[in-house]
Amino acid sequence: MHRLWNRVDFAFSSAWQNFWRNAAVSIASVLIVWVVLLALGSLLLVLHSLDQIVALEKTKASAISVYLADTTPLSSAMDFKLHLESDPRVTAVTYVSKDQAMARFRQLPALDPSVIDTLGTNPLPASLDVTVKDIRDLGAIDQAVRLSPLVDRSPATNYEPNVIDKIILLARVAGIAGLVLIIGLTGLSVFIIMLTIRTAIYLRRKEIEVMKLVGATDWFVRWPFIVEGLFVGVVGAVVAVLIVGFGYHPAVVNLQSVLIFVPLSFDQYYLRLVLAAMLGFGLLLGSVGSYLGVRRFLKQ
Amino acid sequence: MATVMSAVPQISLQGVHKKYPNGTVALRDVTLMIPKQDFVFLVGPSGAGKSTLVRLLIREEKVTDGKIHVEGQDLSRLKRRHLPFLRRKIGMVFQDFKLLPNLTVFQNVAFALRVTEGALRHLKPKVEEVLSIVGLEGKENKFPDQLSGGEQQRVAIARALVHDPRIFLADEPTGNLDPATSWEIIQLLLQINARGTTVLMATHNREIVDVMRRRVVAIESGQIVRDEDAGGYHAPALESR
């Protein structure tokens with residue numbers, strides 16, 4: 001116990017001295033760790049948001065809304081509904097009146113209801129929401145309904161064949177670009193931590209020489225430098241965790257107000273996972289960097 | 001006075017060769033037995049191989065060929081993780097003292113105990129004990145640059161003594177000291193030897209070697225050219241030094 005305390009005390013006090021003795025290099029390594037983790041955290045959250053959007057779009061994918069012209073009488077609309085229901089490719093058709101459309105619209109997050117009230121009249125069309133068995137039939141249905149004189153012209157339906165593919169592609173591109181960036185920055189940060197540790201070792205070379213001479217074990221000599229590397233990793237990670245932790249919610253709220261039709265939501269549980277991952281990755285960067293730093297020097 | 005073959009050797013070198021990676025041959029076929037409690041002067045010109053021999057004994061270097069046993073351990077078979085424990089049995093001092101300038105006298109000596117995880121409860125009494133052996137009571141809080149060369153070497157000796165070493169290696173310990181101070185250091189080494197520690201001292205100091213009449217091992221060009229029980233420094237090639 002006594003010895004363990006001595007080892008811990010020596011490692012931490014030496015690491016603390018090392019850190020401030022070459023403060024410029026140490027702070028540079030903290031900064032690079034911070035940048036890596038900030039990039040990592042942001043990327044994970046952006047990808048998660050894109051995932052949320054894709055998931056929601058997929059549930060919507062087997063349905064289209066066919067907008068009806070305001071001039072369409074209700075009886076014609078019902079006939080059209082029956083006609084669509086008789087189509088073997090269709091599973092269900094729901095009529096949504098202008099008022100119902102407005103009620104739905106009011107429920108969109110981050111939309112100011114007073115703005116809608118100033119419109120006076122209701123600009124939203126009534127619609128038939130058509131659900132199909134196979135989403136591959138959506139295109140044909142879309143083509144067919146556009147021929148009907150009952151259908152509004154601007155726009156006729158909400159059919160957007162490639163929206164999911166586009167979002168998935170965007171997520172993939174963002175993921176790959178982010179990953180490449182993070183791998184590059186990870187390499188750079190490990191290298192800079194390694195340099196920091198080498199500098200610390202260089203500044204302590206006389207002490208290390210004496211330590212080895214009087215019979216200190218290799219690990220006793222190494223620990224202060226490993227601790228210093230972990231310290232760099234933790235400090236960089238904590239700063240990044242604080243920024244992401246406190247910044248995620250305001251960012252989501254702001255984006256919601258700009259992209260009102262994009263279903264973004266704040267995911268507390270996922271955020272915690274991301275923060276834990278950032279902290280873990282910071283520790284990993286610190287330990288790998290410092291291990292590489294001490295490895296070669298203390299070999300012989 | 002111990003003779004070469006009188007006891008089981010504490011240090012033994014058998015047919016030791018040392019060739020450095022750059023091709024320099026530092027030692028050739030060196031065989032040397034040092035029994036417990038012996039006091040040995042290792043003499044020879046610069047570059048003769050004295051320092052290499054000392055470095056081999058603490059395994060800072062490995063032999064190219066031959067065998068070295070220290071305290072019954074075969075150094076070529078000693079695992080790296082066991083090396084620190086061998087070093088704790090060997091006290092070492094150098095010409096340049098190797099003190100840490102930012103630590104006080106007390107801290108310099110205590111450092112050796114701390115980094116080898118000695119029992120900290122005994123740290124203070126142990127450090128005080130060795131500082132009194134080397135005659136530095138009252139200078140515990142001085143920094144190395146506030147001390148004379150002789151005092152600095154005493155601190156280094158005190159540091160080498162904290163582990164109660166069985167072997168004491170001194171590589172040119174008086175090399176930077178004036179004659180009077182050198183004698184004080186030699187007296188100290190004799191005291192250490194009298195307490196039962198084997199002392200091996202590599203030196204250029206002809207006067208001391210000649211006066212002491214202890215065992216002298218002379219090395220030239222990596223070979224032992226003389227090993228006398230009560231020898232002098234006298235080797236014509238070294239007169240000019």
# chains A, B, ... in the order shown; residues from 1 in each chain; ligands from 1
$ residues_around --residues "Thr203 of chain B" --least-positions-apart "2" --cutoff "9 Å" --atoms "only C-alpha atoms" --output "VMD selection string"
chain B and resid 41 to 44 50 170 to 175 201 205 to 206 209
$ closest_atom_pairs --of "chain B" --to "chain A" --cutoff "6 Å" --atoms "only C-alpha atoms" --output "CSV"
residue,atom,partner,partner_atom,distance
B:Pro84,CA,A:Gly215,CA,4.0
B:Arg87,CA,A:Gly215,CA,4.9
B:Arg88,CA,A:Gly215,CA,5.1
B:Ala112,CA,A:Val214,CA,5.9
B:Val115,CA,A:Ala216,CA,5.4
B:Thr116,CA,A:Ala216,CA,4.7
B:Glu117,CA,A:Arg3,CA,5.9
$ closest_residue --among "A:Ala237, A:Ala15, A:Ile168, A:Ala69" --to "Ser148 of chain A" --atoms "only C-alpha atoms"
A:Ala69
$ select_by_dssp --residues "segment 6-180 of chain A" --states "helix (DSSP H, G or I)" --output "VMD selection string"
chain A and resid 6 to 21 23 to 60 74 to 85 98 to 106 113 to 117 135 to 146 163 to 180
$ residues_around --residues "segment 222-225 of chain B" --least-positions-apart "6" --cutoff "8 Å" --atoms "only C-alpha atoms" --output "ChimeraX atom specification"
/B:25-31,48-49
$ write_last_selection --atoms "N, CA and C atoms" --output "CSV table (one decimal), in the first residue's frame"
chain,number,residue,atom,x,y,z
B,25,VAL,N,37.2,-2.5,-30.5
B,25,VAL,CA,37.4,-3.5,-29.5
B,25,VAL,C,37.8,-2.9,-28.2
B,26,ALA,N,37.0,-3.0,-27.2
B,26,ALA,CA,37.3,-2.3,-25.9
B,26,ALA,C,38.0,-3.2,-24.9
B,27,LEU,N,37.6,-4.5,-25.0
B,27,LEU,CA,38.2,-5.4,-24.1
B,27,LEU,C,38.5,-6.7,-24.8
B,28,ARG,N,39.7,-7.3,-24.5
B,28,ARG,CA,40.1,-8.6,-25.2
B,28,ARG,C,40.5,-9.6,-24.1
B,29,ASP,N,39.7,-10.7,-24.1
B,29,ASP,CA,40.1,-11.8,-23.2
B,29,ASP,C,40.4,-11.4,-21.8
B,30,VAL,N,39.6,-10.7,-21.2
B,30,VAL,CA,39.8,-10.2,-19.8
B,30,VAL,C,39.3,-11.3,-18.8
B,31,THR,N,40.2,-11.7,-18.0
B,31,THR,CA,39.8,-12.6,-16.9
B,31,THR,C,40.2,-12.0,-15.6
B,48,ALA,N,41.6,2.8,-22.4
B,48,ALA,CA,42.2,1.4,-22.3
B,48,ALA,C,41.1,0.4,-22.1
B,49,GLY,N,39.9,0.8,-21.6
B,49,GLY,CA,38.8,-0.1,-21.4
B,49,GLY,C,38.3,-0.1,-20.0
$ residues_around --residues "segment 160-169 of chain B" --least-positions-apart "5" --cutoff "9 Å" --atoms "only C-alpha atoms" --output "PyMOL selection string"
(chain A and resi 214) or (chain B and resi 10-11+36-37+54+57+71+87-94+109-110+112-113+118+126-127+129-130+155+189+192-193+196-202)
$ write_last_selection --atoms "N, CA and C atoms" --output "JSON list (two decimals), in the first residue's frame"
[["chain", "number", "residue", "atom", "x", "y", "z"],
["A", 214, "VAL", "N", 20.50, 3.76, -10.05],
["A", 214, "VAL", "CA", 20.31, 3.33, -8.67],
["A", 214, "VAL", "C", 19.32, 2.16, -8.59],
["B", 10, "GLN", "N", 33.37, -12.51, -5.76],
["B", 10, "GLN", "CA", 32.09, -11.79, -5.78],
["B", 10, "GLN", "C", 31.84, -11.26, -7.19],
["B", 11, "ILE", "N", 32.96, -10.91, -7.82],
["B", 11, "ILE", "CA", 32.91, -10.46, -9.22],
["B", 11, "ILE", "C", 33.87, -11.35, -9.99],
["B", 36, "LYS", "N", 35.09, -10.99, -2.12],
["B", 36, "LYS", "CA", 34.38, -10.06, -1.24],
["B", 36, "LYS", "C", 35.35, -9.23, -0.43],
["B", 37, "GLN", "N", 34.98, -7.97, -0.20],
["B", 37, "GLN", "CA", 35.71, -7.03, 0.65],
["B", 37, "GLN", "C", 37.06, -6.61, 0.09],
["B", 54, "VAL", "N", 33.70, -1.22, -16.16],
["B", 54, "VAL", "CA", 32.74, -0.79, -15.13],
["B", 54, "VAL", "C", 31.32, -0.90, -15.67],
["B", 57, "LEU", "N", 29.96, -4.33, -15.68],
["B", 57, "LEU", "CA", 29.62, -4.87, -14.35],
["B", 57, "LEU", "C", 28.21, -4.47, -13.91],
["B", 71, "GLU", "N", 27.86, -11.23, -7.82],
["B", 71, "GLU", "CA", 27.01, -11.71, -6.74],
["B", 71, "GLU", "C", 26.33, -13.02, -7.13],
["B", 87, "ARG", "N", 21.32, -3.78, -9.71],
["B", 87, "ARG", "CA", 21.91, -2.45, -9.54],
["B", 87, "ARG", "C", 21.76, -1.94, -8.11],
["B", 88, "ARG", "N", 20.73, -2.40, -7.42],
["B", 88, "ARG", "CA", 20.54, -1.95, -6.04],
["B", 88, "ARG", "C", 21.61, -2.54, -5.11],
["B", 89, "LYS", "N", 22.30, -3.59, -5.60],
["B", 89, "LYS", "CA", 23.36, -4.17, -4.78],
["B", 89, "LYS", "C", 24.70, -3.52, -5.08],
["B", 90, "ILE", "N", 24.70, -2.64, -6.10],
["B", 90, "ILE", "CA", 25.95, -2.01, -6.53],
["B", 90, "ILE", "C", 25.82, -0.50, -6.39],
["B", 91, "GLY", "N", 26.72, 0.09, -5.59],
["B", 91, "GLY", "CA", 26.74, 1.55, -5.52],
["B", 91, "GLY", "C", 27.71, 2.07, -6.56],
["B", 92, "MET", "N", 27.34, 3.20, -7.21],
["B", 92, "MET", "CA", 28.23, 3.72, -8.25],
["B", 92, "MET", "C", 28.45, 5.21, -8.10],
["B", 93, "VAL", "N", 29.70, 5.64, -8.27],
["B", 93, "VAL", "CA", 29.95, 7.08, -8.37],
["B", 93, "VAL", "C", 30.82, 7.37, -9.60],
["B", 94, "PHE", "N", 30.71, 8.60, -10.08],
["B", 94, "PHE", "CA", 31.39, 8.97, -11.33],
["B", 94, "PHE", "C", 32.19, 10.25, -11.14],
["B", 109, "VAL", "N", 19.79, 12.34, -2.21],
["B", 109, "VAL", "CA", 20.04, 11.03, -1.61],
["B", 109, "VAL", "C", 18.72, 10.26, -1.49],
["B", 110, "ALA", "N", 17.68, 10.98, -1.04],
["B", 110, "ALA", "CA", 16.37, 10.34, -0.85],
["B", 110, "ALA", "C", 15.81, 9.84, -2.18],
["B", 112, "ALA", "N", 17.18, 8.29, -4.56],
["B", 112, "ALA", "CA", 17.56, 6.90, -4.86],
["B", 112, "ALA", "C", 16.66, 5.92, -4.13],
["B", 113, "LEU", "N", 16.23, 6.28, -2.92],
["B", 113, "LEU", "CA", 15.33, 5.39, -2.18],
["B", 113, "LEU", "C", 13.93, 5.44, -2.73],
["B", 118, "GLY", "N", 11.90, 1.99, -1.87],
["B", 118, "GLY", "CA", 12.31, 1.54, -0.54],
["B", 118, "GLY", "C", 11.24, 1.96, 0.45],
["B", 126, "LYS", "N", 17.43, 6.85, 7.22],
["B", 126, "LYS", "CA", 18.45, 6.24, 6.35],
["B", 126, "LYS", "C", 19.28, 7.33, 5.67],
["B", 127, "VAL", "N", 18.60, 8.34, 5.15],
["B", 127, "VAL", "CA", 19.32, 9.42, 4.46],
["B", 127, "VAL", "C", 20.24, 10.14, 5.46],
["B", 129, "GLU", "N", 21.57, 8.88, 8.08],
["B", 129, "GLU", "CA", 22.68, 7.97, 8.42],
["B", 129, "GLU", "C", 23.79, 8.05, 7.38],
["B", 130, "VAL", "N", 23.42, 7.95, 6.09],
["B", 130, "VAL", "CA", 24.48, 7.96, 5.07],
["B", 130, "VAL", "C", 25.11, 9.34, 4.94],
["B", 155, "VAL", "N", 28.07, 13.68, -1.66],
["B", 155, "VAL", "CA", 26.63, 13.48, -1.83],
["B", 155, "VAL", "C", 26.40, 12.26, -2.73],
["B", 189, "LEU", "N", 36.26, 6.02, 0.88],
["B", 189, "LEU", "CA", 36.13, 4.72, 0.21],
["B", 189, "LEU", "C", 36.76, 3.62, 1.07],
["B", 192, "ILE", "N", 34.29, 2.74, 3.71],
["B", 192, "ILE", "CA", 33.22, 1.91, 3.13],
["B", 192, "ILE", "C", 33.71, 0.48, 2.98],
["B", 193, "ASN", "N", 34.96, 0.34, 2.53],
["B", 193, "ASN", "CA", 35.56, -0.98, 2.36],
["B", 193, "ASN", "C", 35.70, -1.68, 3.72],
["B", 196, "GLY", "N", 32.88, -3.68, 4.99],
["B", 196, "GLY", "CA", 32.60, -4.97, 4.38],
["B", 196, "GLY", "C", 32.18, -4.89, 2.92],
["B", 197, "THR", "N", 32.27, -3.70, 2.33],
["B", 197, "THR", "CA", 31.86, -3.54, 0.93],
["B", 197, "THR", "C", 33.09, -3.66, 0.02],
["B", 198, "THR", "N", 32.91, -4.41, -1.04],
["B", 198, "THR", "CA", 33.96, -4.53, -2.04],
["B", 198, "THR", "C", 34.06, -3.22, -2.83],
["B", 199, "VAL", "N", 35.28, -2.72, -3.02],
["B", 199, "VAL", "CA", 35.42, -1.45, -3.74],
["B", 199, "VAL", "C", 36.31, -1.65, -4.97],
["B", 200, "LEU", "N", 35.78, -1.19, -6.11],
["B", 200, "LEU", "CA", 36.58, -1.19, -7.34],
["B", 200, "LEU", "C", 36.63, 0.24, -7.84],
["B", 201, "MET", "N", 37.85, 0.78, -7.93],
["B", 201, "MET", "CA", 37.98, 2.19, -8.30],
["B", 201, "MET", "C", 38.86, 2.32, -9.54],
["B", 202, "ALA", "N", 38.25, 2.82, -10.61],
["B", 202, "ALA", "CA", 39.01, 3.12, -11.83],
["B", 202, "ALA", "C", 39.61, 4.51, -11.66]]
$ residues_around --residues "segment 126-140 of chain A" --least-positions-apart "3" --cutoff "8 Å" --atoms "only C-alpha atoms" --output "number ranges by chain"
A: 61-70, 81, 89-99, 101, 143-144, 159, 161
$ write_last_selection --atoms "C-alpha atoms" --output "PDB file, in the first residue's frame"
ATOM      1  CA  ALA A  61     -41.823   5.915 -48.076  1.00  0.00           C
ATOM      2  CA  SER A  62     -44.672   3.515 -48.723  1.00  0.00           C
ATOM      3  CA  ALA A  63     -47.173   6.358 -48.876  1.00  0.00           C
ATOM      4  CA  ILE A  64     -47.769   9.408 -51.053  1.00  0.00           C
ATOM      5  CA  SER A  65     -50.117  12.300 -50.562  1.00  0.00           C
ATOM      6  CA  VAL A  66     -52.157  13.117 -53.667  1.00  0.00           C
ATOM      7  CA  TYR A  67     -53.131  16.789 -53.431  1.00  0.00           C
ATOM      8  CA  LEU A  68     -56.609  17.682 -54.570  1.00  0.00           C
ATOM      9  CA  ALA A  69     -57.512  20.937 -56.270  1.00  0.00           C
ATOM     10  CA  ASP A  70     -59.529  23.242 -53.999  1.00  0.00           C
ATOM     11  CA  LYS A  81     -60.770   7.512 -53.275  1.00  0.00           C
ATOM     12  CA  ARG A  89     -51.395  -2.338 -55.624  1.00  0.00           C
ATOM     13  CA  VAL A  90     -52.964  -0.062 -53.017  1.00  0.00           C
ATOM     14  CA  THR A  91     -53.516  -1.136 -49.413  1.00  0.00           C
ATOM     15  CA  ALA A  92     -55.254   1.935 -48.008  1.00  0.00           C
ATOM     16  CA  VAL A  93     -56.419   5.432 -48.921  1.00  0.00           C
ATOM     17  CA  THR A  94     -57.174   8.110 -46.329  1.00  0.00           C
ATOM     18  CA  TYR A  95     -58.917  11.374 -47.047  1.00  0.00           C
ATOM     19  CA  VAL A  96     -57.329  14.419 -45.362  1.00  0.00           C
ATOM     20  CA  SER A  97     -59.434  17.583 -45.505  1.00  0.00           C
ATOM     21  CA  LYS A  98     -58.010  21.103 -45.735  1.00  0.00           C
ATOM     22  CA  ASP A  99     -58.713  21.622 -42.038  1.00  0.00           C
ATOM     23  CA  ALA A 101     -54.002  19.359 -43.190  1.00  0.00           C
ATOM     24  CA  GLN A 143     -47.961   8.863 -62.854  1.00  0.00           C
ATOM     25  CA  ALA A 144     -51.561   7.613 -62.895  1.00  0.00           C
ATOM     26  CA  TYR A 159     -43.708  11.907 -54.424  1.00  0.00           C
ATOM     27  CA  PRO A 161     -38.398   9.154 -55.645  1.00  0.00           C
TER      28      PRO A 161
END
$ closest_residue --among "B:Leu83, B:Phe39, B:Pro45, B:Leu53" --to "Ala194 of chain B" --atoms "only C-alpha atoms"
B:Phe39
$ atom_distance --atom1 "atom CA of Ala251 of chain A" --atom2 "atom CA of Phe266 of chain A"
9.4 Å
$ residues_around --residues "segment 277-281 of chain A" --least-positions-apart "4" --cutoff "12 Å" --atoms "only C-alpha atoms" --output "PyMOL selection string"
chain A and resi 33-45+182+186+189-190+230-245+270-273+285-289
$ residues_around --residues "Pro224 of chain A" --least-positions-apart "6" --cutoff "7 Å" --atoms "only C-alpha atoms" --output "list in words"
Ala11, Phe12, Ser14 and Ala15 of chain A
